[in-house]
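K.L.:
To be precise about what I am sending: the file is called final-v7.cif and holds mmCIF, N, CA and C atoms.
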```
data_data
loop_
_atom_site.label_atom_id
_atom_site.label_comp_id
_atom_site.auth_asym_id
_atom_site.auth_seq_id
_atom_site.Cartn_x
_atom_site.Cartn_y
_atom_site.Cartn_z
N MET A 9 6.38 69.68 66.45
CA MET A 9 6.45 69.37 65.04
C MET A 9 7.21 70.47 64.33
N ILE A 10 8.07 70.05 63.45
CA ILE A 10 8.86 70.98 62.66
C ILE A 10 8.49 70.80 61.19
N TYR A 11 8.14 71.91 60.54
CA TYR A 11 7.86 71.95 59.10
C TYR A 11 9.07 72.61 58.47
N ARG A 12 9.67 71.95 57.47
CA ARG A 12 10.85 72.54 56.82
C ARG A 12 10.99 72.03 55.41
N GLY A 13 11.76 72.76 54.62
CA GLY A 13 12.04 72.34 53.26
C GLY A 13 12.87 71.06 53.26
N ALA A 14 12.56 70.19 52.33
CA ALA A 14 13.28 68.92 52.21
C ALA A 14 14.62 69.12 51.52
N THR A 15 15.54 68.25 51.83
CA THR A 15 16.84 68.22 51.16
C THR A 15 17.09 66.80 50.66
N SER A 16 18.13 66.64 49.88
CA SER A 16 18.43 65.32 49.33
C SER A 16 18.70 64.30 50.45
N SER A 17 19.15 64.75 51.61
CA SER A 17 19.38 63.81 52.72
C SER A 17 18.08 63.27 53.30
N ASP A 18 16.94 63.86 52.94
CA ASP A 18 15.64 63.40 53.41
C ASP A 18 15.00 62.36 52.49
N LEU A 19 15.62 62.09 51.35
CA LEU A 19 15.01 61.23 50.34
C LEU A 19 14.60 59.85 50.86
N VAL A 20 15.45 59.21 51.60
CA VAL A 20 15.13 57.86 52.09
C VAL A 20 13.89 57.91 52.98
N GLY A 21 13.82 58.87 53.89
CA GLY A 21 12.66 58.99 54.77
C GLY A 21 11.39 59.35 54.02
N ILE A 22 11.50 60.23 53.03
CA ILE A 22 10.34 60.61 52.22
C ILE A 22 9.83 59.40 51.45
N GLU A 23 10.73 58.70 50.78
CA GLU A 23 10.33 57.54 49.99
C GLU A 23 9.72 56.45 50.87
N ARG A 24 10.27 56.26 52.06
CA ARG A 24 9.73 55.26 52.98
C ARG A 24 8.29 55.59 53.35
N LEU A 25 8.02 56.86 53.68
CA LEU A 25 6.67 57.27 54.05
C LEU A 25 5.71 57.15 52.87
N LEU A 26 6.14 57.56 51.69
CA LEU A 26 5.28 57.46 50.50
C LEU A 26 4.95 56.01 50.19
N ARG A 27 5.93 55.14 50.24
CA ARG A 27 5.68 53.72 49.96
C ARG A 27 4.74 53.12 51.01
N ALA A 28 4.93 53.48 52.28
CA ALA A 28 4.07 52.96 53.34
C ALA A 28 2.61 53.37 53.14
N CYS A 29 2.41 54.54 52.49
CA CYS A 29 1.05 55.04 52.24
C CYS A 29 0.60 54.77 50.81
N ARG A 30 1.36 53.94 50.10
CA ARG A 30 1.03 53.51 48.74
C ARG A 30 0.92 54.67 47.75
N LEU A 31 1.86 55.60 47.86
CA LEU A 31 1.93 56.71 46.91
C LEU A 31 3.21 56.57 46.09
N PRO A 32 3.19 57.04 44.84
CA PRO A 32 4.38 56.91 44.00
C PRO A 32 5.54 57.76 44.51
N SER A 33 6.75 57.21 44.37
CA SER A 33 7.93 57.94 44.82
C SER A 33 9.05 57.95 43.78
N ASP A 34 8.75 57.46 42.59
CA ASP A 34 9.78 57.25 41.58
C ASP A 34 10.59 58.49 41.21
N ASP A 35 9.96 59.66 41.13
CA ASP A 35 10.68 60.84 40.66
C ASP A 35 10.91 61.88 41.76
N ILE A 36 10.79 61.49 43.01
CA ILE A 36 10.94 62.43 44.11
C ILE A 36 12.33 63.09 44.09
N ALA A 37 13.37 62.35 43.79
CA ALA A 37 14.72 62.91 43.78
C ALA A 37 14.83 64.10 42.83
N ASP A 38 14.06 64.09 41.74
CA ASP A 38 14.11 65.18 40.77
C ASP A 38 13.44 66.45 41.28
N HIS A 39 12.60 66.33 42.31
CA HIS A 39 11.81 67.47 42.78
C HIS A 39 11.93 67.73 44.28
N VAL A 40 12.88 67.07 44.94
CA VAL A 40 12.96 67.15 46.40
C VAL A 40 13.10 68.59 46.91
N GLN A 41 13.71 69.45 46.12
CA GLN A 41 13.88 70.84 46.55
C GLN A 41 12.56 71.58 46.67
N ASN A 42 11.49 71.02 46.11
CA ASN A 42 10.16 71.64 46.19
C ASN A 42 9.23 70.89 47.15
N PHE A 43 9.81 70.07 48.02
CA PHE A 43 9.01 69.35 49.01
C PHE A 43 9.19 69.96 50.39
N VAL A 44 8.17 69.82 51.19
CA VAL A 44 8.19 70.23 52.59
C VAL A 44 7.96 68.96 53.40
N ILE A 45 8.73 68.82 54.48
CA ILE A 45 8.52 67.68 55.35
C ILE A 45 8.08 68.16 56.72
N VAL A 46 7.46 67.24 57.44
CA VAL A 46 7.09 67.48 58.83
C VAL A 46 7.84 66.44 59.65
N GLU A 47 8.54 66.91 60.67
CA GLU A 47 9.32 66.01 61.51
C GLU A 47 8.85 66.05 62.95
N VAL A 48 8.95 64.91 63.59
CA VAL A 48 8.78 64.79 65.03
C VAL A 48 9.94 63.93 65.51
N ALA A 49 10.74 64.47 66.42
CA ALA A 49 11.90 63.74 66.96
C ALA A 49 12.76 63.15 65.84
N ASP A 50 13.07 63.98 64.85
CA ASP A 50 13.92 63.60 63.71
C ASP A 50 13.33 62.50 62.83
N GLU A 51 12.04 62.23 62.97
CA GLU A 51 11.37 61.26 62.10
C GLU A 51 10.43 62.02 61.17
N ILE A 52 10.47 61.69 59.88
CA ILE A 52 9.57 62.31 58.92
C ILE A 52 8.20 61.68 59.07
N ILE A 53 7.23 62.51 59.47
CA ILE A 53 5.86 62.01 59.67
C ILE A 53 4.89 62.62 58.65
N GLY A 54 5.38 63.52 57.82
CA GLY A 54 4.55 64.13 56.80
C GLY A 54 5.38 64.67 55.67
N VAL A 55 4.78 64.72 54.49
CA VAL A 55 5.48 65.23 53.32
C VAL A 55 4.45 65.75 52.31
N GLY A 56 4.86 66.72 51.54
CA GLY A 56 4.06 67.24 50.45
C GLY A 56 4.96 68.05 49.54
N GLY A 57 4.58 68.16 48.28
CA GLY A 57 5.43 68.86 47.34
C GLY A 57 4.66 69.77 46.40
N LEU A 58 5.39 70.66 45.80
CA LEU A 58 4.86 71.57 44.78
C LEU A 58 5.78 71.48 43.58
N GLN A 59 5.28 70.92 42.49
CA GLN A 59 6.05 70.87 41.25
C GLN A 59 5.65 72.06 40.42
N VAL A 60 6.60 72.92 40.12
CA VAL A 60 6.34 74.14 39.36
C VAL A 60 6.33 73.81 37.88
N CYS A 61 5.24 74.18 37.20
CA CYS A 61 5.05 73.91 35.78
C CYS A 61 4.66 75.22 35.10
N GLY A 62 5.60 76.14 35.02
CA GLY A 62 5.29 77.46 34.47
C GLY A 62 4.41 78.23 35.43
N ARG A 63 3.24 78.69 34.95
CA ARG A 63 2.30 79.44 35.79
C ARG A 63 1.36 78.52 36.57
N GLU A 64 1.50 77.21 36.37
CA GLU A 64 0.70 76.24 37.10
C GLU A 64 1.60 75.48 38.06
N GLY A 65 0.97 74.94 39.10
CA GLY A 65 1.70 74.11 40.05
C GLY A 65 0.96 72.80 40.23
N LEU A 66 1.72 71.74 40.48
CA LEU A 66 1.16 70.42 40.72
C LEU A 66 1.46 70.05 42.17
N ILE A 67 0.41 69.92 42.97
CA ILE A 67 0.58 69.49 44.35
C ILE A 67 0.90 68.01 44.33
N ARG A 68 1.95 67.64 45.05
CA ARG A 68 2.46 66.28 45.01
C ARG A 68 2.43 65.62 46.37
N SER A 69 1.85 64.46 46.44
CA SER A 69 2.08 63.50 47.51
C SER A 69 1.93 64.04 48.93
N ILE A 70 0.87 64.75 49.21
CA ILE A 70 0.64 65.15 50.59
C ILE A 70 0.18 63.93 51.37
N VAL A 71 0.98 63.56 52.36
CA VAL A 71 0.66 62.38 53.16
C VAL A 71 1.20 62.57 54.58
N ILE A 72 0.44 62.06 55.53
CA ILE A 72 0.81 62.13 56.93
C ILE A 72 0.80 60.70 57.48
N ALA A 73 1.79 60.36 58.30
CA ALA A 73 1.83 59.04 58.92
C ALA A 73 0.56 58.81 59.72
N GLN A 74 0.09 57.59 59.73
CA GLN A 74 -1.19 57.21 60.33
C GLN A 74 -1.36 57.76 61.76
N ASP A 75 -0.34 57.68 62.58
CA ASP A 75 -0.45 58.09 63.98
C ASP A 75 -0.62 59.60 64.16
N TYR A 76 -0.42 60.39 63.11
CA TYR A 76 -0.49 61.85 63.21
C TYR A 76 -1.64 62.46 62.41
N ARG A 77 -2.51 61.62 61.88
CA ARG A 77 -3.64 62.13 61.10
C ARG A 77 -4.71 62.70 62.02
N GLU A 78 -5.60 63.49 61.43
CA GLU A 78 -6.72 64.11 62.16
C GLU A 78 -6.25 65.14 63.18
N ARG A 79 -5.09 65.76 62.92
CA ARG A 79 -4.55 66.78 63.83
C ARG A 79 -4.29 68.11 63.11
N GLY A 80 -4.71 68.21 61.86
CA GLY A 80 -4.48 69.44 61.11
C GLY A 80 -3.11 69.54 60.47
N VAL A 81 -2.32 68.49 60.55
CA VAL A 81 -0.95 68.52 60.01
C VAL A 81 -0.98 68.65 58.49
N ALA A 82 -1.83 67.89 57.82
CA ALA A 82 -1.90 67.93 56.35
C ALA A 82 -2.36 69.30 55.87
N GLU A 83 -3.34 69.88 56.54
CA GLU A 83 -3.81 71.19 56.09
C GLU A 83 -2.72 72.25 56.26
N LYS A 84 -2.00 72.22 57.37
CA LYS A 84 -0.91 73.19 57.55
C LYS A 84 0.15 72.99 56.49
N LEU A 85 0.46 71.75 56.18
CA LEU A 85 1.43 71.44 55.14
C LEU A 85 0.96 71.98 53.80
N TYR A 86 -0.32 71.74 53.48
CA TYR A 86 -0.87 72.27 52.23
C TYR A 86 -0.78 73.80 52.21
N ARG A 87 -1.13 74.47 53.29
CA ARG A 87 -1.11 75.94 53.34
C ARG A 87 0.31 76.48 53.10
N ILE A 88 1.31 75.78 53.58
CA ILE A 88 2.70 76.18 53.32
C ILE A 88 2.99 76.09 51.83
N LEU A 89 2.57 75.00 51.20
CA LEU A 89 2.78 74.83 49.76
C LEU A 89 2.01 75.88 48.96
N GLU A 90 0.79 76.18 49.39
CA GLU A 90 -0.02 77.20 48.71
C GLU A 90 0.65 78.57 48.81
N GLU A 91 1.15 78.90 49.99
CA GLU A 91 1.83 80.19 50.16
C GLU A 91 3.08 80.28 49.29
N CYS A 92 3.80 79.19 49.19
CA CYS A 92 4.96 79.13 48.30
C CYS A 92 4.53 79.39 46.86
N ALA A 93 3.45 78.74 46.44
CA ALA A 93 2.93 78.92 45.07
C ALA A 93 2.54 80.38 44.83
N ARG A 94 1.87 80.97 45.79
CA ARG A 94 1.48 82.38 45.66
C ARG A 94 2.71 83.28 45.55
N SER A 95 3.74 82.98 46.34
CA SER A 95 4.92 83.83 46.35
C SER A 95 5.67 83.82 45.03
N ILE A 96 5.52 82.74 44.26
CA ILE A 96 6.18 82.69 42.95
C ILE A 96 5.18 82.90 41.81
N ARG A 97 4.03 83.43 42.16
CA ARG A 97 3.00 83.86 41.21
C ARG A 97 2.41 82.74 40.35
N ILE A 98 2.19 81.60 40.97
CA ILE A 98 1.48 80.53 40.28
C ILE A 98 0.01 80.90 40.25
N ASP A 99 -0.64 80.69 39.11
CA ASP A 99 -2.04 81.06 38.93
C ASP A 99 -3.02 80.01 39.40
N ALA A 100 -2.64 78.72 39.30
CA ALA A 100 -3.56 77.65 39.66
C ALA A 100 -2.77 76.43 40.12
N LEU A 101 -3.35 75.73 41.07
CA LEU A 101 -2.77 74.49 41.57
C LEU A 101 -3.62 73.32 41.09
N TYR A 102 -2.95 72.26 40.68
CA TYR A 102 -3.60 71.03 40.24
C TYR A 102 -3.12 69.89 41.13
N LEU A 103 -3.91 68.85 41.19
CA LEU A 103 -3.49 67.63 41.88
C LEU A 103 -4.24 66.45 41.31
N LEU A 104 -3.68 65.28 41.53
CA LEU A 104 -4.31 64.02 41.13
C LEU A 104 -4.55 63.21 42.40
N THR A 105 -5.73 62.64 42.52
CA THR A 105 -6.04 61.84 43.70
C THR A 105 -6.97 60.70 43.38
N GLU A 106 -6.77 59.61 44.08
CA GLU A 106 -7.68 58.48 43.98
C GLU A 106 -8.56 58.36 45.21
N SER A 107 -8.14 59.00 46.30
CA SER A 107 -8.87 58.76 47.55
C SER A 107 -9.17 60.01 48.38
N ALA A 108 -8.67 61.16 47.99
CA ALA A 108 -8.81 62.34 48.85
C ALA A 108 -9.60 63.48 48.19
N GLU A 109 -10.48 63.15 47.27
CA GLU A 109 -11.26 64.17 46.58
C GLU A 109 -12.08 65.01 47.57
N GLY A 110 -12.72 64.38 48.51
CA GLY A 110 -13.51 65.11 49.50
C GLY A 110 -12.66 66.03 50.36
N TYR A 111 -11.51 65.55 50.77
CA TYR A 111 -10.60 66.36 51.58
C TYR A 111 -10.17 67.62 50.83
N PHE A 112 -9.73 67.45 49.60
CA PHE A 112 -9.25 68.60 48.84
C PHE A 112 -10.39 69.53 48.42
N SER A 113 -11.59 69.01 48.28
CA SER A 113 -12.74 69.88 48.02
C SER A 113 -12.92 70.86 49.17
N ARG A 114 -12.72 70.39 50.39
CA ARG A 114 -12.83 71.28 51.55
C ARG A 114 -11.75 72.36 51.57
N LEU A 115 -10.66 72.13 50.86
CA LEU A 115 -9.59 73.13 50.77
C LEU A 115 -9.76 74.06 49.57
N GLY A 116 -10.87 73.92 48.85
CA GLY A 116 -11.15 74.82 47.74
C GLY A 116 -10.87 74.27 46.36
N PHE A 117 -10.51 73.00 46.25
CA PHE A 117 -10.26 72.39 44.94
C PHE A 117 -11.57 71.90 44.35
N THR A 118 -11.65 71.92 43.03
CA THR A 118 -12.80 71.35 42.32
C THR A 118 -12.29 70.33 41.30
N THR A 119 -13.09 69.32 41.06
CA THR A 119 -12.74 68.28 40.10
C THR A 119 -12.98 68.79 38.69
N ILE A 120 -12.04 68.47 37.79
CA ILE A 120 -12.18 68.85 36.39
C ILE A 120 -11.95 67.63 35.51
N GLU A 121 -12.34 67.74 34.27
CA GLU A 121 -12.13 66.67 33.30
C GLU A 121 -10.67 66.64 32.87
N ARG A 122 -10.18 65.48 32.55
CA ARG A 122 -8.78 65.36 32.12
C ARG A 122 -8.50 66.18 30.86
N GLY A 123 -9.49 66.34 30.01
CA GLY A 123 -9.32 67.15 28.80
C GLY A 123 -9.13 68.63 29.06
N ASP A 124 -9.41 69.07 30.28
CA ASP A 124 -9.28 70.49 30.64
C ASP A 124 -7.97 70.82 31.34
N VAL A 125 -7.09 69.84 31.43
CA VAL A 125 -5.81 70.04 32.13
C VAL A 125 -4.79 70.63 31.16
N PRO A 126 -4.08 71.68 31.56
CA PRO A 126 -3.11 72.30 30.65
C PRO A 126 -1.92 71.37 30.36
N ARG A 127 -1.31 71.59 29.23
CA ARG A 127 -0.18 70.78 28.78
C ARG A 127 0.96 70.77 29.81
N SER A 128 1.19 71.88 30.49
CA SER A 128 2.29 71.94 31.46
C SER A 128 2.13 70.88 32.54
N ILE A 129 0.89 70.53 32.87
CA ILE A 129 0.62 69.50 33.87
C ILE A 129 0.60 68.11 33.24
N THR A 130 -0.02 67.99 32.06
CA THR A 130 -0.12 66.67 31.43
C THR A 130 1.25 66.13 31.00
N GLU A 131 2.23 66.99 30.87
CA GLU A 131 3.57 66.55 30.47
C GLU A 131 4.41 66.07 31.65
N THR A 132 3.90 66.17 32.87
CA THR A 132 4.67 65.72 34.03
C THR A 132 4.65 64.20 34.12
N GLN A 133 5.69 63.65 34.71
CA GLN A 133 5.75 62.21 34.92
C GLN A 133 4.63 61.77 35.87
N GLN A 134 4.31 62.61 36.84
CA GLN A 134 3.22 62.30 37.77
C GLN A 134 1.92 62.05 37.00
N TYR A 135 1.61 62.92 36.06
CA TYR A 135 0.37 62.81 35.28
C TYR A 135 0.44 61.65 34.29
N GLN A 136 1.57 61.53 33.60
CA GLN A 136 1.67 60.57 32.50
C GLN A 136 1.81 59.12 32.95
N THR A 137 2.61 58.88 34.00
CA THR A 137 2.91 57.48 34.32
C THR A 137 2.76 57.10 35.79
N LEU A 138 2.96 58.03 36.70
CA LEU A 138 2.98 57.65 38.11
C LEU A 138 1.60 57.48 38.73
N CYS A 139 0.67 58.32 38.33
CA CYS A 139 -0.70 58.21 38.84
C CYS A 139 -1.55 57.49 37.79
N PRO A 140 -2.43 56.61 38.22
CA PRO A 140 -3.27 55.90 37.25
C PRO A 140 -4.25 56.84 36.56
N SER A 141 -4.69 56.46 35.39
CA SER A 141 -5.63 57.29 34.63
C SER A 141 -6.98 57.39 35.33
N SER A 142 -7.22 56.55 36.32
CA SER A 142 -8.47 56.63 37.09
C SER A 142 -8.43 57.73 38.15
N ALA A 143 -7.25 58.32 38.40
CA ALA A 143 -7.14 59.37 39.41
C ALA A 143 -7.94 60.60 38.97
N LYS A 144 -8.60 61.22 39.91
CA LYS A 144 -9.34 62.46 39.67
C LYS A 144 -8.34 63.61 39.58
N VAL A 145 -8.63 64.55 38.69
CA VAL A 145 -7.83 65.75 38.57
C VAL A 145 -8.60 66.89 39.21
N MET A 146 -7.91 67.66 40.05
CA MET A 146 -8.56 68.77 40.74
C MET A 146 -7.76 70.04 40.52
N ILE A 147 -8.45 71.17 40.62
CA ILE A 147 -7.81 72.47 40.43
C ILE A 147 -8.26 73.43 41.52
N ARG A 148 -7.37 74.35 41.86
CA ARG A 148 -7.69 75.46 42.73
C ARG A 148 -7.01 76.69 42.17
N LYS A 149 -7.80 77.64 41.70
CA LYS A 149 -7.25 78.90 41.18
C LYS A 149 -6.76 79.74 42.36
N LEU A 150 -5.63 80.38 42.16
CA LEU A 150 -5.07 81.22 43.23
C LEU A 150 -5.30 82.67 42.98
#
```
Please express what this file holds, its structure, as structure tokens.

P.N.:
Amino acid sequence: MIYRGATSSDLVGIERLLRACRLPSDDIADHVQNFVIVEVADEIIGVGGLQVCGREGLIRSIVIAQDYRERGVAEKLYRILEECARSIRIDALYLLTESAEGYFSRLGFTTIERGDVPRSITETQQYQTLCPSSAKVMIRKL
């Protein structure tokens, strides 16, 4: 498995994986430089992103292809994104999820009320339109 930074040439593969896992992909092209992909035999089997919002970061679309789940791939991908966030002095990571609250709790995230989310995060397209208002908001202070 190869973990590497995404480039614009990876967009089609990233969007295909996100759509297959029913995750939004509408604005990926605007943030592809902040995504990490996981490849096996030149096939994208995992993806995740970090959208920088000032001193906060928004974890985006961590997903692993079905055949590669339960192998620690998602956690390693998340740890790469977290290290990137630390290296650029992000104070807290946020994410929105409808189905992975338990998973992210194990990684140190806690659920917060939507009213407690900073403006830098609420102004993102992910927060405003791509994720439903029913999605849970989680935070992890760094």

K.L.:
Give me the result of the PyMOL selection byres ((chain A and resi 53-65) around 6) on this file, residue by residue, as a PyMOL selection string.

P.N.:
chain A and resi 42-48+51-52+66-73+97-102+128

K.L.:
Go through chain A and collect every residue that DSSP, computed from the backbone, puts in helix (DSSP H, G or I); the answer should be as a PyMOL selection string.

P.N.:
chain A and resi 16-28+36-42+74-76+81-95+109-114+122-124+127-130+133-138

K.L.:
As a count of residues only, list the residues of segment 11-145 of chain A assigned to strand (DSSP E) by DSSP on the backbone atoms of this structure.

P.N.:
40

K.L.:
What's around segment 140-142 of chain A at 8 Å? Count all atoms listed in the file, leave out sequence neighbours fewer than 6 positions away in its own chain, and write the answer as a PyMOL selection string.

P.N.:
chain A and resi 104-106+134

K.L.:
Edge lengths and centre in Å to one decimal, as JSON, is what I'm after for the box along x, y and z that holds all listed atoms of segment 72-77 of chain A once 6 Å is added on each side.

P.N.:
```
{"center_x": -1.4, "center_y": 60.0, "center_z": 59.8, "size_x": 18.5, "size_y": 17.5, "size_z": 20.6}
```

K.L.:
So the first atom is atom CA of Ile36 of chain A and the second is atom CA of Gln136 of chain A; what is the distance between them in Å, to one decimal place?

P.N.:
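A separation of 15.0 Å between them.
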
K.L.:
For the structure shown, which residues end up in the PyMOL selection byres ((chain A and resi 15) around 8)? Put them as a VMD selection string, please?

P.N.:
chain A and resid 12 to 14 16 to 20 40 to 45

K.L.:
What does the distance between atom CA of Arg24 of chain A and atom N of Ala82 of chain A come to in Å, to one decimal place?

P.N.:
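Distance between the two atoms: 17.8 Å.
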
K.L.:
Report the distance between atom CA of Arg114 of chain A and atom CA of Tyr11 of chain A in Å, rounded to one decimal place.

P.N.:
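Atom CA of Tyr11 of chain A lies 22.0 Å from atom CA of Arg114 of chain A.
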
K.L.:
Of the candidates A:Gly80, A:Ser107, A:Arg122, A:Leu89, which shows the shortest atom-to-atom distance to Cys29 of chain A, using only C-alpha atoms?

P.N.:
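Between A:Gly80, A:Ser107, A:Arg122, A:Leu89, the residue approaching Cys29 of chain A most closely is A:Ser107.
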
K.L.:
Rank A:Ile10, A:Asp34, A:Leu115, A:Ala28 by their smallest atom-to-atom distance to Leu138 of chain A, using all atoms listed in the file, and report the top residue only.

P.N.:
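Under the stated criterion, the closest residue is A:Asp34.
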